[in-house]
Every structure is written in C-alpha cells, then in structure tokens.
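Written below as structure tokens is the structure these notes are about.
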Amino acid sequence: MDRQGLEAFLGQLTIRDIDANLVPLRPNWAQSQIIDEYVAARNESRPFRAIVCKSRQLGVSTLMQALLFCEAFWGENANCAVVAHERESSEELFAKQRMFYEMHPFKEHYPHKYASRRQLVLEKQRSSVWVTTSENPHAGRSRTINHCHISEIGFWKQPETTMLSLNQTIPNRPGTTVLIESTPNG
C-alpha cells in the first residue's frame, strides 16, 4: 500500500473540525503514527492490530472511520464493523461514514445499495460498513468481519464476552484490521 495514495484518498474525505467547519481530513501527528503502522502492516502482508489508550480530540476515532471507509470504498467484499459502548456513540461514529460518502467527490460513480442510520452498503464493491453496540454480547456472530473499529472498550459492560464473540468473527489474516481504542475509565 502506498502511503501517498492513502493520504490523497483521506484528503478527499470531509470531516467536521472542532470549530464545526467542514474540512478535508489532514492527518495530525497522532493519526500519522497510526497510518504508519497501518501501511506497514499492509506492506508486510500481516494483519493490522492496534490498541490505543487515547485522550480526547486527537482524531483516533475519526481516522479509524476513515480507514474503514477506505477499505469499503477501495476494496471488494469488505465487511467493516464499528462497535461502540452505547447506541448514541455508535450512531455518532457511523455519521462520519455517511458524511464521507455524501461529501465524496466521486460518489456518483460508486452508488450505494442502501444507506441507513446503521449500515452503508456500496453496490459495485459489494462492501459494507455497519454499526452495533457492545450492549449486544453476541455482536458480530454469524458474520465474517474483515475490518473492525472497537470504540471505548473501557466503558463496555461485558468486554470479555463481547470480545470473545468479535474475535471469533475476525480472521487473523493479512489485510484484516482491528483497532481497539478507549479513553481511560477508572
């Protein structure tokens, strides 16, 4: 994977900055470190796995949503999941996916099969991004997930049970992605 190509694609994605302006995604220092590891994993043909203990407003969740969108948009047959601690947070994260798609300059060339509050399915790519919560301890069962953003795990009610379920759905294969992030709790 070419880092320049990835950053060029990320620059086509629109985000809402902390001043509520719609601006292109330009990776900051924290996001750049994650991108370095992500690109290295792809280039070395290994799974990307990362655990990030984060502070607020570094854009870790935004970047992860962008990487999931990239996998769904560029790839074929990608099944991307977002799992957060509560419904409101899940839907807020997923709103980034909808914005990426709605504001993307080439969206007319990549129609969606359907888009809801909880799922985006890209028709040509046969790829999807969907969202659920850790409140469902069986999250992901009966699916194969290729790319997963696990958000605010420090606030999950049953992290062991839900992670057991998720780990069984995500193959430990090159090209797969798991990023676990949380602000500290306790």
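Letters for chains follow the order of the structure tokens (A, B, ...), residue numbers begin at 1 for each chain, and ligand numbers begin at 1 in the order shown.
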Apply DSSP to the structure's backbone, then extract all residues of region 7-170 of chain A labelled strand (DSSP E) and return them as a ChimeraX atom specification. /A:14-16,22-24,48-53,79-84,112-115,119-122,127-133,147-151
For N, CA, C and O atoms, I'd like the residues from the last selection saved as a compact mmCIF listing (two decimals), in the first residue's frame.
# COMPACT_ATOMS: atom_id res chain seq x y z
N THR A 14 -14.36 14.40 3.94
CA THR A 14 -14.74 15.60 4.66
C THR A 14 -15.03 15.25 6.11
O THR A 14 -15.75 14.28 6.39
N ILE A 15 -14.47 16.04 7.01
CA ILE A 15 -14.74 15.88 8.45
C ILE A 15 -15.26 17.20 9.01
O ILE A 15 -15.10 18.25 8.40
N ARG A 16 -15.87 17.13 10.17
CA ARG A 16 -16.28 18.32 10.90
C ARG A 16 -15.19 18.57 11.95
O ARG A 16 -14.96 17.73 12.82
N LEU A 22 -16.63 22.20 7.99
CA LEU A 22 -16.40 21.03 7.16
C LEU A 22 -15.09 21.24 6.40
O LEU A 22 -14.96 22.20 5.64
N VAL A 23 -14.13 20.34 6.67
CA VAL A 23 -12.79 20.49 6.10
C VAL A 23 -12.29 19.12 5.63
O VAL A 23 -12.78 18.09 6.08
N PRO A 24 -11.31 19.11 4.72
CA PRO A 24 -10.71 17.83 4.32
C PRO A 24 -9.95 17.21 5.49
O PRO A 24 -9.39 17.92 6.33
N PHE A 48 -3.43 -5.90 10.59
CA PHE A 48 -3.21 -4.68 11.37
C PHE A 48 -3.99 -4.81 12.67
O PHE A 48 -5.21 -4.98 12.66
N ARG A 49 -3.29 -4.77 13.79
CA ARG A 49 -3.90 -4.83 15.11
C ARG A 49 -3.29 -3.72 15.95
O ARG A 49 -2.06 -3.58 16.01
N ALA A 50 -4.14 -2.92 16.58
CA ALA A 50 -3.63 -1.82 17.41
C ALA A 50 -4.58 -1.59 18.58
O ALA A 50 -5.80 -1.74 18.45
N ILE A 51 -3.99 -1.25 19.71
CA ILE A 51 -4.73 -0.84 20.90
C ILE A 51 -4.24 0.56 21.25
O ILE A 51 -3.04 0.77 21.42
N VAL A 52 -5.19 1.51 21.34
CA VAL A 52 -4.82 2.89 21.59
C VAL A 52 -5.55 3.38 22.83
O VAL A 52 -6.78 3.39 22.87
N CYS A 53 -4.77 3.77 23.85
CA CYS A 53 -5.32 4.47 25.00
C CYS A 53 -5.22 5.94 24.64
O CYS A 53 -4.12 6.49 24.51
N ASN A 79 -16.28 -6.36 4.74
CA ASN A 79 -17.30 -6.27 5.78
C ASN A 79 -16.66 -5.54 6.96
O ASN A 79 -15.80 -6.10 7.65
N CYS A 80 -17.05 -4.29 7.15
CA CYS A 80 -16.44 -3.42 8.15
C CYS A 80 -17.42 -3.15 9.28
O CYS A 80 -18.58 -2.81 9.02
N ALA A 81 -16.97 -3.30 10.51
CA ALA A 81 -17.84 -3.13 11.68
C ALA A 81 -17.32 -2.05 12.60
O ALA A 81 -16.10 -1.89 12.77
N VAL A 82 -18.26 -1.34 13.21
CA VAL A 82 -17.97 -0.36 14.24
C VAL A 82 -18.73 -0.81 15.47
O VAL A 82 -19.95 -0.99 15.42
N VAL A 83 -18.02 -1.03 16.57
CA VAL A 83 -18.66 -1.48 17.81
C VAL A 83 -18.28 -0.50 18.91
O VAL A 83 -17.11 -0.38 19.27
N ALA A 84 -19.28 0.21 19.41
CA ALA A 84 -19.05 1.18 20.48
C ALA A 84 -19.82 0.79 21.73
O ALA A 84 -20.59 -0.17 21.71
N HIS A 112 -24.54 3.58 -3.69
CA HIS A 112 -24.79 2.69 -2.56
C HIS A 112 -26.04 1.87 -2.85
O HIS A 112 -26.96 2.33 -3.53
N LYS A 113 -26.03 0.66 -2.37
CA LYS A 113 -27.21 -0.19 -2.48
C LYS A 113 -28.26 0.30 -1.50
O LYS A 113 -29.43 0.41 -1.82
N TYR A 114 -27.82 0.59 -0.30
CA TYR A 114 -28.66 1.27 0.67
C TYR A 114 -27.79 1.89 1.77
O TYR A 114 -26.66 1.47 1.99
N ALA A 115 -28.37 2.90 2.39
CA ALA A 115 -27.71 3.60 3.48
C ALA A 115 -28.76 3.89 4.54
O ALA A 115 -29.82 4.42 4.24
N GLN A 119 -26.08 1.26 8.66
CA GLN A 119 -25.35 0.48 7.66
C GLN A 119 -25.26 1.24 6.34
O GLN A 119 -26.20 1.90 5.91
N LEU A 120 -24.09 1.11 5.70
CA LEU A 120 -23.86 1.63 4.36
C LEU A 120 -23.37 0.46 3.52
O LEU A 120 -22.39 -0.19 3.89
N VAL A 121 -24.05 0.17 2.42
CA VAL A 121 -23.64 -0.91 1.53
C VAL A 121 -23.35 -0.31 0.17
O VAL A 121 -24.22 0.33 -0.43
N LEU A 122 -22.11 -0.48 -0.29
CA LEU A 122 -21.69 0.02 -1.59
C LEU A 122 -21.96 -1.06 -2.64
O LEU A 122 -21.45 -2.18 -2.52
N SER A 127 -19.37 -4.11 -0.66
CA SER A 127 -18.78 -3.88 0.66
C SER A 127 -19.77 -3.17 1.55
O SER A 127 -20.65 -2.45 1.07
N SER A 128 -19.60 -3.37 2.86
CA SER A 128 -20.49 -2.70 3.79
C SER A 128 -19.72 -2.21 5.01
O SER A 128 -18.69 -2.76 5.38
N VAL A 129 -20.29 -1.18 5.61
CA VAL A 129 -19.85 -0.69 6.92
C VAL A 129 -21.11 -0.65 7.76
O VAL A 129 -22.12 -0.09 7.35
N TRP A 130 -21.05 -1.29 8.91
CA TRP A 130 -22.23 -1.33 9.79
C TRP A 130 -21.80 -1.07 11.23
O TRP A 130 -20.62 -1.18 11.57
N VAL A 131 -22.78 -0.74 12.04
CA VAL A 131 -22.50 -0.35 13.41
C VAL A 131 -23.39 -1.15 14.36
O VAL A 131 -24.52 -1.49 14.02
N THR A 132 -22.83 -1.45 15.51
CA THR A 132 -23.59 -2.10 16.58
C THR A 132 -23.02 -1.61 17.91
O THR A 132 -22.11 -0.78 17.93
N THR A 133 -23.56 -2.12 18.99
CA THR A 133 -23.05 -1.73 20.30
C THR A 133 -22.56 -2.95 21.07
O THR A 133 -22.95 -4.08 20.78
N HIS A 147 -12.71 -5.85 8.88
CA HIS A 147 -12.14 -4.63 9.45
C HIS A 147 -13.06 -4.17 10.57
O HIS A 147 -14.26 -4.02 10.37
N CYS A 148 -12.48 -3.94 11.77
CA CYS A 148 -13.32 -3.63 12.93
C CYS A 148 -12.71 -2.51 13.77
O CYS A 148 -11.53 -2.55 14.11
N HIS A 149 -13.54 -1.54 14.07
CA HIS A 149 -13.18 -0.46 14.99
C HIS A 149 -13.95 -0.71 16.29
O HIS A 149 -15.17 -0.66 16.31
N ILE A 150 -13.21 -0.98 17.33
CA ILE A 150 -13.77 -1.26 18.65
C ILE A 150 -13.54 0.00 19.49
O ILE A 150 -12.40 0.34 19.78
N SER A 151 -14.63 0.68 19.82
CA SER A 151 -14.51 2.00 20.43
C SER A 151 -14.94 2.00 21.89
O SER A 151 -15.93 1.36 22.27
Within 10 Å of region 169-174 of chain A, counting only C-alpha atoms, which residues qualify if same-chain residues fewer than 4 places away don't, as an mmCIF file with N, CA and C atoms, in the first residue's frame?
data_model
loop_
_atom_site.group_PDB
_atom_site.id
_atom_site.type_symbol
_atom_site.label_atom_id
_atom_site.label_comp_id
_atom_site.auth_asym_id
_atom_site.auth_seq_id
_atom_site.Cartn_x
_atom_site.Cartn_y
_atom_site.Cartn_z
ATOM 1 N N ALA A 41 1.748 -2.667 8.102
ATOM 2 C CA ALA A 41 1.080 -3.982 8.170
ATOM 3 C C ALA A 41 0.650 -4.432 6.783
ATOM 4 N N ARG A 42 0.069 -3.531 6.014
ATOM 5 C CA ARG A 42 -0.359 -3.892 4.649
ATOM 6 C C ARG A 42 0.835 -4.280 3.781
ATOM 7 N N ASN A 43 1.902 -3.484 3.860
ATOM 8 C CA ASN A 43 3.082 -3.736 3.018
ATOM 9 C C ASN A 43 3.836 -5.000 3.429
ATOM 10 N N GLU A 44 3.709 -5.392 4.694
ATOM 11 C CA GLU A 44 4.370 -6.598 5.193
ATOM 12 C C GLU A 44 3.438 -7.806 5.162
ATOM 13 N N SER A 45 2.275 -7.662 4.548
ATOM 14 C CA SER A 45 1.278 -8.742 4.431
ATOM 15 C C SER A 45 0.941 -9.373 5.777
ATOM 16 N N ARG A 46 0.631 -8.512 6.742
ATOM 17 C CA ARG A 46 0.212 -9.007 8.052
ATOM 18 C C ARG A 46 -1.056 -8.283 8.483
ATOM 19 N N PRO A 47 -1.786 -8.864 9.415
ATOM 20 C CA PRO A 47 -2.976 -8.176 9.928
ATOM 21 C C PRO A 47 -2.576 -6.891 10.647
ATOM 22 N N PHE A 48 -3.428 -5.904 10.594
ATOM 23 C CA PHE A 48 -3.212 -4.683 11.372
ATOM 24 C C PHE A 48 -3.992 -4.811 12.666
ATOM 25 N N ARG A 49 -3.295 -4.773 13.786
ATOM 26 C CA ARG A 49 -3.897 -4.828 15.107
ATOM 27 C C ARG A 49 -3.287 -3.718 15.946
ATOM 28 N N ASN A 79 -16.278 -6.359 4.744
ATOM 29 C CA ASN A 79 -17.296 -6.273 5.781
ATOM 30 C C ASN A 79 -16.658 -5.543 6.961
ATOM 31 N N ALA A 139 -22.270 -9.582 19.551
ATOM 32 C CA ALA A 139 -22.036 -8.715 18.394
ATOM 33 C C ALA A 139 -21.187 -9.429 17.349
ATOM 34 N N GLY A 140 -21.651 -9.375 16.133
ATOM 35 C CA GLY A 140 -20.885 -9.933 15.026
ATOM 36 C C GLY A 140 -21.101 -11.402 14.752
ATOM 37 N N ARG A 141 -21.729 -12.119 15.644
ATOM 38 C CA ARG A 141 -21.935 -13.552 15.416
ATOM 39 C C ARG A 141 -22.642 -13.765 14.087
ATOM 40 N N SER A 142 -22.301 -14.814 13.419
ATOM 41 C CA SER A 142 -22.828 -15.225 12.112
ATOM 42 C C SER A 142 -22.271 -14.378 10.970
ATOM 43 N N ARG A 143 -21.290 -13.553 11.228
ATOM 44 C CA ARG A 143 -20.657 -12.746 10.183
ATOM 45 C C ARG A 143 -19.169 -13.063 10.147
ATOM 46 N N THR A 144 -18.557 -12.687 9.053
ATOM 47 C CA THR A 144 -17.104 -12.624 8.989
ATOM 48 C C THR A 144 -16.767 -11.156 8.810
ATOM 49 N N ILE A 145 -16.051 -10.610 9.750
ATOM 50 C CA ILE A 145 -15.683 -9.194 9.727
ATOM 51 C C ILE A 145 -14.233 -9.097 9.266
ATOM 52 N N ASN A 146 -13.991 -8.224 8.293
ATOM 53 C CA ASN A 146 -12.636 -8.020 7.797
ATOM 54 C C ASN A 146 -11.921 -6.865 8.488
ATOM 55 N N HIS A 147 -12.707 -5.848 8.878
ATOM 56 C CA HIS A 147 -12.138 -4.632 9.453
ATOM 57 C C HIS A 147 -13.057 -4.171 10.572
ATOM 58 N N CYS A 148 -12.476 -3.940 11.767
ATOM 59 C CA CYS A 148 -13.318 -3.631 12.929
ATOM 60 C C CYS A 148 -12.710 -2.509 13.765
ATOM 61 N N MET A 163 -15.919 -9.315 23.345
ATOM 62 C CA MET A 163 -14.671 -9.501 22.592
ATOM 63 C C MET A 163 -14.495 -10.954 22.169
ATOM 64 N N LEU A 164 -14.913 -11.890 22.991
ATOM 65 C CA LEU A 164 -14.859 -13.298 22.599
ATOM 66 C C LEU A 164 -15.687 -13.512 21.340
ATOM 67 N N SER A 165 -16.877 -12.942 21.316
ATOM 68 C CA SER A 165 -17.742 -13.048 20.145
ATOM 69 C C SER A 165 -17.086 -12.401 18.926
ATOM 70 N N VAL A 178 -8.034 -4.569 13.023
ATOM 71 C CA VAL A 178 -8.727 -4.397 14.305
ATOM 72 C C VAL A 178 -8.023 -3.269 15.045
#
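Straight-line separation from CA of Asn77 (chain A) to CA of Trp156 (chain A): 29.0 Å.
Ranking A:His109, A:Arg26, A:His85, A:Arg3 by their shortest atom-to-atom distance to Ile180 (chain A), with only C-alpha atoms included, puts A:His85 first.
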Would you please give, as an NGL selection string, all residues of chain A that DSSP assigns to alpha helix (DSSP H) based on the backbone? :A and (3-10 or 29-43 or 60-74 or 87-103 or 159-167)
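Considering the residues A:Asn167, A:Ile34, A:Leu63, A:Phe100 and counting only C-alpha atoms, Gln12 (chain A) has its shortest atom-to-atom contact with A:Phe100.
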Considering only C-alpha atoms, can you say which of A:Ser55, A:Asp19, A:Glu108, A:Gln4 comes closest to Ser32 (chain A)? A:Gln4
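Distances to Lys107 (chain A) were evaluated for A:Ile153, A:Leu13, A:Leu6, A:Met1 using only C-alpha atoms, and the minimum falls at A:Leu13.
CA of Ala8 (chain A) is found 14.6 Å from CA of Asp36 (chain A).
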